[in-house]
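The next block is data-v3.pdb, given as PDB, C-alpha atoms.
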```pdb
MODEL        1
ATOM      1  CA  MET A   1     193.142 -80.476  48.431
ATOM      2  CA  THR A   2     196.556 -78.924  48.354
ATOM      3  CA  SER A   3     195.078 -75.710  46.940
ATOM      4  CA  TYR A   4     192.468 -75.710  49.725
ATOM      5  CA  ARG A   5     195.154 -76.083  52.440
ATOM      6  CA  LEU A   6     197.200 -73.316  50.844
ATOM      7  CA  ARG A   7     194.208 -70.957  50.947
ATOM      8  CA  LEU A   8     193.646 -71.795  54.628
ATOM      9  CA  TRP A   9     197.292 -71.156  55.435
ATOM     10  CA  LEU A  10     197.284 -67.783  53.657
ATOM     11  CA  ALA A  11     194.091 -66.761  55.467
ATOM     12  CA  ALA A  12     195.614 -67.652  58.825
ATOM     13  CA  LEU A  13     198.787 -65.717  58.004
ATOM     14  CA  ALA A  14     196.767 -62.635  57.078
ATOM     15  CA  THR A  15     194.873 -62.862  60.358
ATOM     16  CA  LEU A  16     198.137 -62.976  62.339
ATOM     17  CA  VAL A  17     199.514 -59.939  60.489
ATOM     18  CA  LEU A  18     196.369 -57.927  61.157
ATOM     19  CA  ALA A  19     196.374 -58.961  64.810
ATOM     20  CA  GLY A  20     199.984 -57.883  65.090
ATOM     21  CA  CYS A  21     199.192 -54.474  63.640
ATOM     22  CA  ALA A  22     196.180 -54.042  65.889
ATOM     23  CA  SER A  23     198.243 -54.878  68.976
ATOM     24  CA  SER A  24     201.168 -52.633  68.079
ATOM     25  CA  PRO A  25     201.606 -49.847  70.667
ATOM     26  CA  THR A  26     200.459 -46.367  69.782
ATOM     27  CA  PRO A  27     203.436 -44.015  69.349
ATOM     28  CA  ALA A  28     204.185 -42.199  72.619
ATOM     29  CA  PRO A  29     203.365 -38.490  72.675
ATOM     30  CA  ALA A  30     206.230 -36.029  72.671
ATOM     31  CA  GLY A  31     207.756 -35.616  76.127
ATOM     32  CA  THR A  32     206.838 -39.111  77.321
ATOM     33  CA  ASP A  33     209.662 -41.045  78.948
ATOM     34  CA  HIS A  34     209.363 -44.856  78.964
ATOM     35  CA  SER A  35     212.867 -45.439  80.295
ATOM     36  CA  SER A  36     211.649 -45.093  83.899
ATOM     37  CA  ARG A  37     208.478 -45.027  85.974
ATOM     38  CA  TYR A  38     207.972 -41.317  85.227
ATOM     39  CA  THR A  39     205.951 -40.115  82.242
ATOM     40  CA  ILE A  40     207.545 -36.668  81.986
ATOM     41  CA  THR A  41     211.130 -36.319  80.827
ATOM     42  CA  GLN A  42     211.784 -32.908  82.355
ATOM     43  CA  ASP A  43     210.549 -31.810  85.764
ATOM     44  CA  ARG A  44     208.480 -28.643  85.804
ATOM     45  CA  ALA A  45     206.273 -26.389  87.884
ATOM     46  CA  PRO A  46     202.500 -26.838  87.815
ATOM     47  CA  ASP A  47     200.418 -24.766  85.423
ATOM     48  CA  GLY A  48     198.920 -21.556  86.732
ATOM     49  CA  ASN A  49     199.925 -19.356  89.638
ATOM     50  CA  PHE A  50     199.736 -21.559  92.737
ATOM     51  CA  ASP A  51     199.108 -19.365  95.800
ATOM     52  CA  VAL A  52     201.180 -20.444  98.815
ATOM     53  CA  SER A  53     200.316 -17.498 101.044
ATOM     54  CA  GLY A  54     197.849 -19.557 103.076
ATOM     55  CA  LEU A  55     199.855 -22.782 103.053
ATOM     56  CA  SER A  56     200.836 -23.932 106.540
ATOM     57  CA  ASP A  57     204.131 -25.508 107.517
ATOM     58  CA  ALA A  58     204.382 -29.217 108.202
ATOM     59  CA  VAL A  59     203.574 -29.965 111.847
ATOM     60  CA  PRO A  60     206.210 -32.180 113.494
ATOM     61  CA  VAL A  61     204.851 -35.186 115.372
ATOM     62  CA  TYR A  62     206.576 -38.083 117.079
ATOM     63  CA  GLN A  63     206.867 -41.309 115.128
ATOM     64  CA  ALA A  64     208.675 -44.424 116.251
ATOM     65  CA  PRO A  65     211.732 -45.283 114.105
ATOM     66  CA  VAL A  66     210.921 -47.268 110.963
ATOM     67  CA  ARG A  67     213.033 -49.244 108.500
ATOM     68  CA  ALA A  68     211.285 -48.042 105.317
ATOM     69  CA  GLY A  69     213.529 -45.628 103.440
ATOM     70  CA  ASN A  70     216.369 -45.889 105.970
ATOM     71  CA  LYS A  71     218.531 -48.612 104.469
ATOM     72  CA  SER A  72     222.165 -47.782 105.150
ATOM     73  CA  PRO A  73     224.460 -47.716 103.361
ATOM     74  CA  TYR A  74     222.766 -47.400  99.973
ATOM     75  CA  THR A  75     224.042 -46.753  96.455
ATOM     76  CA  VAL A  76     222.727 -44.428  93.750
ATOM     77  CA  TRP A  77     224.460 -44.086  90.372
ATOM     78  CA  GLY A  78     227.539 -45.815  91.740
ATOM     79  CA  LYS A  79     227.912 -43.480  94.730
ATOM     80  CA  HIS A  80     227.505 -44.717  98.310
ATOM     81  CA  TYR A  81     225.502 -42.866 100.976
ATOM     82  CA  ARG A  82     224.862 -43.440 104.685
ATOM     83  CA  VAL A  83     221.769 -42.602 106.714
ATOM     84  CA  LEU A  84     222.308 -40.920 110.083
ATOM     85  CA  ASP A  85     221.758 -42.943 113.248
ATOM     86  CA  SER A  86     219.850 -39.957 114.652
ATOM     87  CA  ASN A  87     218.678 -36.559 113.363
ATOM     88  CA  ASP A  88     219.373 -34.916 116.747
ATOM     89  CA  GLY A  89     221.350 -31.681 116.440
ATOM     90  CA  TYR A  90     221.716 -31.820 112.642
ATOM     91  CA  VAL A  91     222.426 -28.396 111.095
ATOM     92  CA  ALA A  92     223.990 -27.844 107.670
ATOM     93  CA  GLN A  93     224.192 -25.244 104.938
ATOM     94  CA  GLY A  94     224.182 -25.905 101.224
ATOM     95  CA  THR A  95     222.229 -25.675  97.990
ATOM     96  CA  ALA A  96     218.509 -26.425  97.846
ATOM     97  CA  SER A  97     216.658 -27.356  94.676
ATOM     98  CA  TRP A  98     213.027 -28.344  94.181
ATOM     99  CA  TYR A  99     210.996 -31.047  92.483
ATOM    100  CA  GLY A 100     207.471 -30.890  91.115
ATOM    101  CA  GLU A 101     205.138 -32.252  88.459
ATOM    102  CA  LYS A 102     207.356 -35.064  87.138
ATOM    103  CA  PHE A 103     207.309 -36.748  90.548
ATOM    104  CA  HIS A 104     203.838 -35.641  91.673
ATOM    105  CA  GLY A 105     201.751 -38.622  92.795
ATOM    106  CA  HIS A 106     204.640 -41.080  92.768
ATOM    107  CA  LYS A 107     205.835 -42.911  95.861
ATOM    108  CA  THR A 108     208.628 -41.460  97.975
ATOM    109  CA  SER A 109     211.453 -43.539  99.424
ATOM    110  CA  ASN A 110     209.401 -44.499 102.488
ATOM    111  CA  GLY A 111     206.252 -45.367 100.527
ATOM    112  CA  GLU A 112     204.308 -42.117 100.958
ATOM    113  CA  ARG A 113     202.879 -40.249  97.966
ATOM    114  CA  PHE A 114     204.767 -37.153  96.863
ATOM    115  CA  ASP A 115     202.545 -34.077  96.652
ATOM    116  CA  MET A 116     204.225 -31.008  95.187
ATOM    117  CA  TYR A 117     201.585 -28.814  96.862
ATOM    118  CA  GLU A 118     202.553 -29.946 100.382
ATOM    119  CA  MET A 119     205.497 -28.975 102.592
ATOM    120  CA  SER A 120     207.894 -31.871 102.112
ATOM    121  CA  ALA A 121     211.507 -32.562 101.188
ATOM    122  CA  ALA A 122     214.083 -35.138 100.145
ATOM    123  CA  HIS A 123     217.440 -35.519 101.880
ATOM    124  CA  LYS A 124     220.284 -37.971 101.366
ATOM    125  CA  SER A 125     221.149 -38.749 104.989
ATOM    126  CA  LEU A 126     218.442 -37.582 107.436
ATOM    127  CA  ARG A 127     216.336 -40.397 108.819
ATOM    128  CA  ILE A 128     212.835 -40.503 107.347
ATOM    129  CA  PRO A 129     210.206 -39.586 108.085
ATOM    130  CA  GLY A 130     211.582 -36.542 109.854
ATOM    131  CA  TYR A 131     211.191 -32.781 110.001
ATOM    132  CA  ALA A 132     213.447 -29.832 109.307
ATOM    133  CA  LYS A 133     213.412 -26.064 109.350
ATOM    134  CA  VAL A 134     214.820 -24.740 106.071
ATOM    135  CA  THR A 135     215.909 -21.098 105.845
ATOM    136  CA  ASN A 136     216.700 -19.228 102.646
ATOM    137  CA  LEU A 137     219.944 -17.451 103.551
ATOM    138  CA  ALA A 138     219.361 -14.783 100.891
ATOM    139  CA  ASN A 139     216.096 -13.435 102.323
ATOM    140  CA  GLY A 140     215.710 -14.997 105.795
ATOM    141  CA  ARG A 141     212.439 -16.780 104.968
ATOM    142  CA  SER A 142     211.907 -20.123 106.715
ATOM    143  CA  VAL A 143     209.615 -23.121 106.270
ATOM    144  CA  ILE A 144     209.139 -26.377 108.139
ATOM    145  CA  VAL A 145     208.980 -29.468 105.963
ATOM    146  CA  ARG A 146     208.403 -33.197 106.403
ATOM    147  CA  VAL A 147     211.406 -35.124 105.098
ATOM    148  CA  ASN A 148     210.041 -38.314 103.514
ATOM    149  CA  ASP A 149     212.224 -38.964 100.463
ATOM    150  CA  ARG A 150     215.823 -39.525  99.361
ATOM    151  CA  GLY A 151     217.805 -37.120  97.201
ATOM    152  CA  PRO A 152     218.869 -34.907  95.589
ATOM    153  CA  PHE A 153     221.564 -36.936  93.821
ATOM    154  CA  HIS A 154     222.746 -34.103  91.622
ATOM    155  CA  GLY A 155     226.091 -32.411  92.238
ATOM    156  CA  ASP A 156     226.582 -31.004  95.699
ATOM    157  CA  ARG A 157     222.924 -30.178  96.433
ATOM    158  CA  LEU A 158     221.907 -30.578 100.059
ATOM    159  CA  ILE A 159     218.119 -30.860  99.957
ATOM    160  CA  ASP A 160     215.238 -31.066  97.479
ATOM    161  CA  LEU A 161     212.078 -29.231  98.528
ATOM    162  CA  SER A 162     208.600 -29.650  97.148
ATOM    163  CA  TYR A 163     207.568 -26.967  94.666
ATOM    164  CA  ALA A 164     205.271 -25.403  97.287
ATOM    165  CA  ALA A 165     208.032 -25.168  99.900
ATOM    166  CA  ALA A 166     210.450 -23.671  97.368
ATOM    167  CA  LYS A 167     207.873 -21.064  96.390
ATOM    168  CA  LYS A 168     207.328 -20.103 100.032
ATOM    169  CA  LEU A 169     211.077 -19.580 100.324
ATOM    170  CA  GLY A 170     211.024 -17.465  97.149
ATOM    171  CA  TYR A 171     213.429 -19.376  94.920
ATOM    172  CA  GLN A 172     211.145 -21.437  92.666
ATOM    173  CA  SER A 173     211.968 -19.216  89.672
ATOM    174  CA  ASN A 174     215.733 -19.437  90.208
ATOM    175  CA  GLY A 175     215.701 -23.203  90.674
ATOM    176  CA  THR A 176     218.170 -23.267  93.567
ATOM    177  CA  ALA A 177     219.022 -21.278  96.686
ATOM    178  CA  ARG A 178     221.581 -21.263  99.462
ATOM    179  CA  VAL A 179     219.846 -22.551 102.592
ATOM    180  CA  GLU A 180     220.355 -23.698 106.133
ATOM    181  CA  VAL A 181     218.731 -26.994 107.151
ATOM    182  CA  ALA A 182     218.126 -27.646 110.858
ATOM    183  CA  SER A 183     216.517 -30.910 111.887
ATOM    184  CA  ILE A 184     213.539 -30.819 114.247
ATOM    185  CA  THR A 185     213.309 -33.870 116.485
ATOM    186  CA  VAL A 186     210.193 -34.849 118.411
ATOM    187  CA  LYS A 187     210.328 -36.916 121.587
ATOM    188  CA  PRO A 188     207.659 -39.472 122.618
ATOM    189  CA  ASP A 189     206.176 -36.923 125.054
ATOM    190  CA  GLY A 190     205.691 -34.435 122.191
ATOM    191  CA  SER A 191     208.518 -32.076 123.132
ATOM    192  CA  MET A 192     210.482 -30.719 120.178
ATOM    193  CA  PHE A 193     214.119 -29.712 119.739
ATOM    194  CA  ILE A 194     215.999 -27.900 117.012
ATOM    195  CA  ALA A 195     219.809 -27.695 117.138
ATOM    196  CA  ASP A 196     219.605 -29.192 120.646
ATOM    197  CA  GLN A 197     217.421 -26.298 121.808
ATOM    198  CA  PRO A 198     213.751 -26.513 122.895
ATOM    199  CA  PHE A 199     211.373 -25.561 120.090
ATOM    200  CA  THR A 200     207.623 -25.001 119.825
ATOM    201  CA  MET A 201     205.303 -24.491 116.870
ATOM    202  CA  GLY A 202     202.519 -22.804 118.832
ATOM    203  CA  ARG A 203     202.021 -19.371 120.335
ATOM    204  CA  GLN A 204     200.778 -20.601 123.694
ATOM    205  CA  GLN A 205     204.008 -21.477 125.448
ATOM    206  CA  THR A 206     207.070 -19.578 126.503
ATOM    207  CA  VAL A 207     210.226 -21.506 125.734
ATOM    208  CA  GLN A 208     212.523 -21.670 128.739
ATOM    209  CA  GLN A 209     216.135 -21.644 127.559
ATOM    210  CA  PRO A 210     218.749 -23.238 129.838
ATOM    211  CA  LEU A 211     221.624 -21.129 131.096
ATOM    212  CA  GLN A 212     224.566 -21.473 128.754
ATOM    213  CA  SER A 213     228.026 -22.248 130.045
ATOM    214  CA  ALA A 214     230.733 -19.722 129.282
ATOM    215  CA  PRO A 215     231.719 -20.008 125.614
ATOM    216  CA  SER A 216     235.102 -21.244 124.525
ATOM    217  CA  ALA A 217     237.454 -18.793 122.887
ATOM    218  CA  PRO A 218     236.491 -18.257 119.227
ATOM    219  CA  SER A 219     238.824 -19.595 116.587
ATOM    220  CA  ALA A 220     240.681 -17.281 114.237
ATOM    221  CA  SER A 221     238.129 -18.051 111.515
ATOM    222  CA  ALA A 222     235.088 -17.426 113.707
ATOM    223  CA  PRO A 223     232.971 -14.370 112.831
ATOM    224  CA  PRO A 224     233.276 -11.364 115.137
ATOM    225  CA  VAL A 225     230.802 -11.298 117.995
ATOM    226  CA  ASN A 226     229.125  -8.128 119.223
ATOM    227  CA  SER A 227     230.168  -7.961 122.862
ATOM    228  CA  ALA A 228     226.916  -6.218 123.747
ATOM    229  CA  VAL A 229     224.910  -9.306 122.833
ATOM    230  CA  ALA A 230     227.431 -12.115 123.303
ATOM    231  CA  GLU A 231     226.816 -14.995 125.692
ATOM    232  CA  THR A 232     227.494 -13.922 129.272
ATOM    233  CA  GLY A 233     226.773 -17.250 130.968
ATOM    234  CA  GLY A 234     227.064 -17.946 134.660
ATOM    235  CA  GLN A 235     224.468 -18.031 137.370
ATOM    236  CA  ASP A 236     224.397 -14.238 137.698
ATOM    237  CA  ALA A 237     223.204 -13.678 134.118
ATOM    238  CA  ILE A 238     220.077 -11.481 134.015
ATOM    239  CA  ARG A 239     217.142 -13.238 132.397
ATOM    240  CA  GLY A 240     214.466 -11.540 130.306
ATOM    241  CA  LEU A 241     211.676 -12.212 127.822
ATOM    242  CA  PHE A 242     212.437 -11.951 124.107
ATOM    243  CA  VAL A 243     210.679 -12.634 120.832
ATOM    244  CA  GLN A 244     213.100 -14.734 118.796
ATOM    245  CA  LEU A 245     212.722 -14.506 115.012
ATOM    246  CA  GLY A 246     215.342 -17.064 114.053
ATOM    247  CA  SER A 247     218.595 -18.795 114.921
ATOM    248  CA  PHE A 248     221.407 -19.316 112.392
ATOM    249  CA  SER A 249     224.753 -21.072 112.332
ATOM    250  CA  SER A 250     226.043 -18.239 110.132
ATOM    251  CA  ARG A 251     226.005 -14.617 111.296
ATOM    252  CA  ASP A 252     225.318 -13.017 107.898
ATOM    253  CA  PRO A 253     221.670 -14.177 107.481
ATOM    254  CA  ALA A 254     221.020 -13.296 111.134
ATOM    255  CA  GLU A 255     222.128  -9.714 110.517
ATOM    256  CA  LYS A 256     219.974  -9.519 107.375
ATOM    257  CA  LEU A 257     216.942 -10.635 109.376
ATOM    258  CA  GLN A 258     217.822  -8.085 112.064
ATOM    259  CA  VAL A 259     217.768  -5.297 109.472
ATOM    260  CA  ARG A 260     214.366  -6.446 108.192
ATOM    261  CA  ALA A 261     212.921  -6.502 111.709
ATOM    262  CA  LYS A 262     214.297  -3.056 112.555
ATOM    263  CA  SER A 263     212.556  -1.643 109.495
ATOM    264  CA  VAL A 264     209.125  -2.426 110.986
ATOM    265  CA  LEU A 265     209.791  -2.037 114.723
ATOM    266  CA  ASN A 266     210.794   0.644 117.174
ATOM    267  CA  ASP A 267     211.808  -1.970 119.763
ATOM    268  CA  PRO A 268     215.460  -3.015 120.054
ATOM    269  CA  VAL A 269     216.473  -5.973 117.861
ATOM    270  CA  ARG A 270     219.704  -7.800 118.603
ATOM    271  CA  VAL A 271     221.802 -10.637 117.224
ATOM    272  CA  ARG A 272     222.984 -12.721 120.155
ATOM    273  CA  SER A 273     225.726 -15.273 119.578
ATOM    274  CA  VAL A 274     225.776 -18.363 121.779
ATOM    275  CA  ASP A 275     227.841 -21.527 121.858
ATOM    276  CA  THR A 276     225.982 -24.835 122.150
ATOM    277  CA  ALA A 277     226.890 -28.498 121.899
ATOM    278  CA  SER A 278     226.087 -28.259 118.176
ATOM    279  CA  GLY A 279     228.276 -25.198 117.591
ATOM    280  CA  ARG A 280     227.833 -21.432 117.561
ATOM    281  CA  PHE A 281     224.408 -19.988 116.744
ATOM    282  CA  HIS A 282     223.281 -16.411 116.147
ATOM    283  CA  ARG A 283     219.834 -15.613 117.546
ATOM    284  CA  VAL A 284     217.783 -12.716 116.212
ATOM    285  CA  GLN A 285     215.753 -11.404 119.148
ATOM    286  CA  VAL A 286     213.438  -8.484 119.912
ATOM    287  CA  GLY A 287     213.391  -7.229 123.493
ATOM    288  CA  PRO A 288     213.762  -7.626 126.387
ATOM    289  CA  PHE A 289     210.174  -7.247 127.623
ATOM    290  CA  GLN A 290     209.037  -6.832 131.217
ATOM    291  CA  ASP A 291     206.038  -9.156 130.888
ATOM    292  CA  GLU A 292     204.703 -11.856 128.561
ATOM    293  CA  GLY A 293     201.747  -9.729 127.449
ATOM    294  CA  SER A 294     204.061  -7.110 125.956
ATOM    295  CA  ALA A 295     206.102  -9.806 124.215
ATOM    296  CA  ARG A 296     202.970 -11.435 122.768
ATOM    297  CA  LYS A 297     201.762  -8.087 121.457
ATOM    298  CA  ILE A 298     204.993  -7.571 119.510
ATOM    299  CA  GLN A 299     204.913 -11.189 118.348
ATOM    300  CA  SER A 300     201.417 -10.656 116.927
ATOM    301  CA  LEU A 301     202.554  -7.472 115.166
ATOM    302  CA  LEU A 302     205.555  -9.273 113.672
ATOM    303  CA  ASP A 303     203.342 -12.098 112.465
ATOM    304  CA  LYS A 304     201.184  -9.611 110.543
ATOM    305  CA  LYS A 305     204.344  -8.144 109.009
ATOM    306  CA  GLY A 306     205.401 -11.524 107.638
ATOM    307  CA  PHE A 307     207.718 -12.702 110.428
ATOM    308  CA  SER A 308     206.209 -16.117 111.069
ATOM    309  CA  GLN A 309     207.522 -18.907 113.303
ATOM    310  CA  SER A 310     208.728 -16.546 116.036
ATOM    311  CA  ILE A 311     208.773 -17.763 119.624
ATOM    312  CA  VAL A 312     208.614 -16.049 122.997
ATOM    313  CA  MET A 313     211.503 -17.221 125.135
ATOM    314  CA  THR A 314     213.548 -16.372 128.178
ATOM    315  CA  ASP A 315     217.213 -15.588 127.594
ATOM    316  CA  SER A 316     220.108 -13.687 129.108
ATOM    317  CA  HIS A 317     220.429  -9.925 128.651
TER
ENDMDL
END
```
Please express what this file holds, its structure, as structure tokens.
Amino acid sequence: MTSYRLRLWLAALATLVLAGCASSPTPAPAGTDHSSRYTITQDRAPDGNFDVSGLSDAVPVYQAPVRAGNKSPYTVWGKHYRVLDSNDGYVAQGTASWYGEKFHGHKTSNGERFDMYEMSAAHKSLRIPGYAKVTNLANGRSVIVRVNDRGPFHGDRLIDLSYAAAKKLGYQSNGTARVEVASITVKPDGSMFIADQPFTMGRQQTVQQPLQSAPSAPSASAPPVNSAVAETGGQDAIRGLFVQLGSFSSRDPAEKLQVRAKSVLNDPVRVRSVDTASGRFHRVQVGPFQDEGSARKIQSLLDKKGFSQSIVMTDSH
């Protein structure tokens, strides 16, 4: 009887050992990271040559404020961050990086799905979801992205763009670029503002710019302003139609864009410096034109030459 019980016990033990072996996890393939929710240890670009030439910018729309993703303050890796009360008038320059395949398909900070092929971004302090115009200060290229995630939490980086947005700006191979980020805010009636100035995505409207008050005296560190295109202000300022290619808080990228535009146009291209409630901005403008038809014709030509996102606007001579 004892021998029979011993044989039963040994058989049961063997069964448990085999079951344990069968249930043991299969060794993870090289490059798999089980320390977090991501399955790739190192972020990377997608395989193949993804064509972004036909990829459209994100289209800003109004959305009522939400709590998701906007907890403030919050802590990451022992460092504390605060979310802005409002994105109105936000403009900053800094380093942009990008994120891609490692995060593709995972949830962003506000619960949306990250898609590296769409025009989106992560920012540490802008309210989400939101929108921003991001300009590569090295080449003057601009994109409009939907900000729906938090980050980057690496060094002094300002913003993380999706792989697609980084490729449109031309820095995906370098990894980072010096950029300017200007928040686009949308009001309940659909009107849009960038750096406290009216903004439109379409080609159908002419943006009416308010008369600027006379600028304050520039500080000793302020960049020199071309008196021929500086803000004149006052009620007697002569108004005209212009095609505006961009507006920058720094004069250097504005002058680079001016040079690019002059290389494809015979029309005058100016850099006009104006002072606003959000600081000094340098507008790159073609014109003036006597009628809207002439301005639209040049705008269409510029669009074919790669100068997208231009607007027709009224401004002072």
Can you give me, as an mmCIF file with C-alpha atoms, in the frame of the given file, the residues this file yields under the PyMOL selection byres ((chain A and resi 109-121) around 9)?
```
data_model
loop_
_atom_site.group_PDB
_atom_site.id
_atom_site.type_symbol
_atom_site.label_atom_id
_atom_site.label_comp_id
_atom_site.auth_asym_id
_atom_site.auth_seq_id
_atom_site.Cartn_x
_atom_site.Cartn_y
_atom_site.Cartn_z
ATOM 1 C CA ALA A 45 206.273 -26.389 87.884
ATOM 2 C CA PRO A 46 202.500 -26.838 87.815
ATOM 3 C CA PHE A 50 199.736 -21.559 92.737
ATOM 4 C CA VAL A 52 201.180 -20.444 98.815
ATOM 5 C CA LEU A 55 199.855 -22.782 103.053
ATOM 6 C CA SER A 56 200.836 -23.932 106.540
ATOM 7 C CA ASP A 57 204.131 -25.508 107.517
ATOM 8 C CA ALA A 58 204.382 -29.217 108.202
ATOM 9 C CA ARG A 67 213.033 -49.244 108.500
ATOM 10 C CA ALA A 68 211.285 -48.042 105.317
ATOM 11 C CA GLY A 69 213.529 -45.628 103.440
ATOM 12 C CA ASN A 70 216.369 -45.889 105.970
ATOM 13 C CA TRP A 98 213.027 -28.344 94.181
ATOM 14 C CA TYR A 99 210.996 -31.047 92.483
ATOM 15 C CA GLY A 100 207.471 -30.890 91.115
ATOM 16 C CA GLU A 101 205.138 -32.252 88.459
ATOM 17 C CA PHE A 103 207.309 -36.748 90.548
ATOM 18 C CA HIS A 104 203.838 -35.641 91.673
ATOM 19 C CA GLY A 105 201.751 -38.622 92.795
ATOM 20 C CA HIS A 106 204.640 -41.080 92.768
ATOM 21 C CA LYS A 107 205.835 -42.911 95.861
ATOM 22 C CA THR A 108 208.628 -41.460 97.975
ATOM 23 C CA ALA A 122 214.083 -35.138 100.145
ATOM 24 C CA HIS A 123 217.440 -35.519 101.880
ATOM 25 C CA ILE A 128 212.835 -40.503 107.347
ATOM 26 C CA PRO A 129 210.206 -39.586 108.085
ATOM 27 C CA TYR A 131 211.191 -32.781 110.001
ATOM 28 C CA ALA A 132 213.447 -29.832 109.307
ATOM 29 C CA VAL A 143 209.615 -23.121 106.270
ATOM 30 C CA ILE A 144 209.139 -26.377 108.139
ATOM 31 C CA VAL A 145 208.980 -29.468 105.963
ATOM 32 C CA ARG A 146 208.403 -33.197 106.403
ATOM 33 C CA VAL A 147 211.406 -35.124 105.098
ATOM 34 C CA ASN A 148 210.041 -38.314 103.514
ATOM 35 C CA ASP A 149 212.224 -38.964 100.463
ATOM 36 C CA ARG A 150 215.823 -39.525 99.361
ATOM 37 C CA GLY A 151 217.805 -37.120 97.201
ATOM 38 C CA ILE A 159 218.119 -30.860 99.957
ATOM 39 C CA ASP A 160 215.238 -31.066 97.479
ATOM 40 C CA LEU A 161 212.078 -29.231 98.528
ATOM 41 C CA SER A 162 208.600 -29.650 97.148
ATOM 42 C CA TYR A 163 207.568 -26.967 94.666
ATOM 43 C CA ALA A 164 205.271 -25.403 97.287
ATOM 44 C CA ALA A 165 208.032 -25.168 99.900
ATOM 45 C CA ALA A 166 210.450 -23.671 97.368
#
```
Check what the PyMOL selection byres ((chain A and resi 89) around 8) selects in the file above and give those residues as an mmCIF file with C-alpha atoms, keeping the file's coordinate frame.
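Printed below is part_37.cif as written:
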```cif
data_model
loop_
_atom_site.group_PDB
_atom_site.id
_atom_site.type_symbol
_atom_site.label_atom_id
_atom_site.label_comp_id
_atom_site.auth_asym_id
_atom_site.auth_seq_id
_atom_site.Cartn_x
_atom_site.Cartn_y
_atom_site.Cartn_z
ATOM 1 C CA ASN A 87 218.678 -36.559 113.363
ATOM 2 C CA ASP A 88 219.373 -34.916 116.747
ATOM 3 C CA TYR A 90 221.716 -31.820 112.642
ATOM 4 C CA VAL A 91 222.426 -28.396 111.095
ATOM 5 C CA ALA A 182 218.126 -27.646 110.858
ATOM 6 C CA SER A 183 216.517 -30.910 111.887
ATOM 7 C CA ILE A 194 215.999 -27.900 117.012
ATOM 8 C CA ALA A 195 219.809 -27.695 117.138
ATOM 9 C CA ASP A 196 219.605 -29.192 120.646
ATOM 10 C CA SER A 278 226.087 -28.259 118.176
#
```
Return as AutoDock Vina command-line options the box centre and box size in Å, one decimal, for an axis-aligned box around all listed atoms of stretch 297-311 of chain A padded by 8 Å per side.
```
--center_x 205.0 --center_y -13.2 --center_z 114.5 --size_x 23.6 --size_y 27.4 --size_z 29.8
```
Task: Pairwise distance for atom CA of A:Asn266 and atom CA of A:Val179, rounded to one decimal in Å - done: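 Result for atom CA of A:Asn266 versus atom CA of A:Val179: 28.9 Å, one decimal.
Closest approach to A:Tyr62 among A:Arg157, A:Lys297, A:Lys304, A:Lys187 is made by A:Lys187 (distances from only C-alpha atoms).
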TODO: Have a look at A:Arg260, A:Arg239, A:Lys305, A:Arg141 and name the one nearest to A:Gln290; count only C-alpha atoms.
DONE: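 Closest candidate: A:Arg239.
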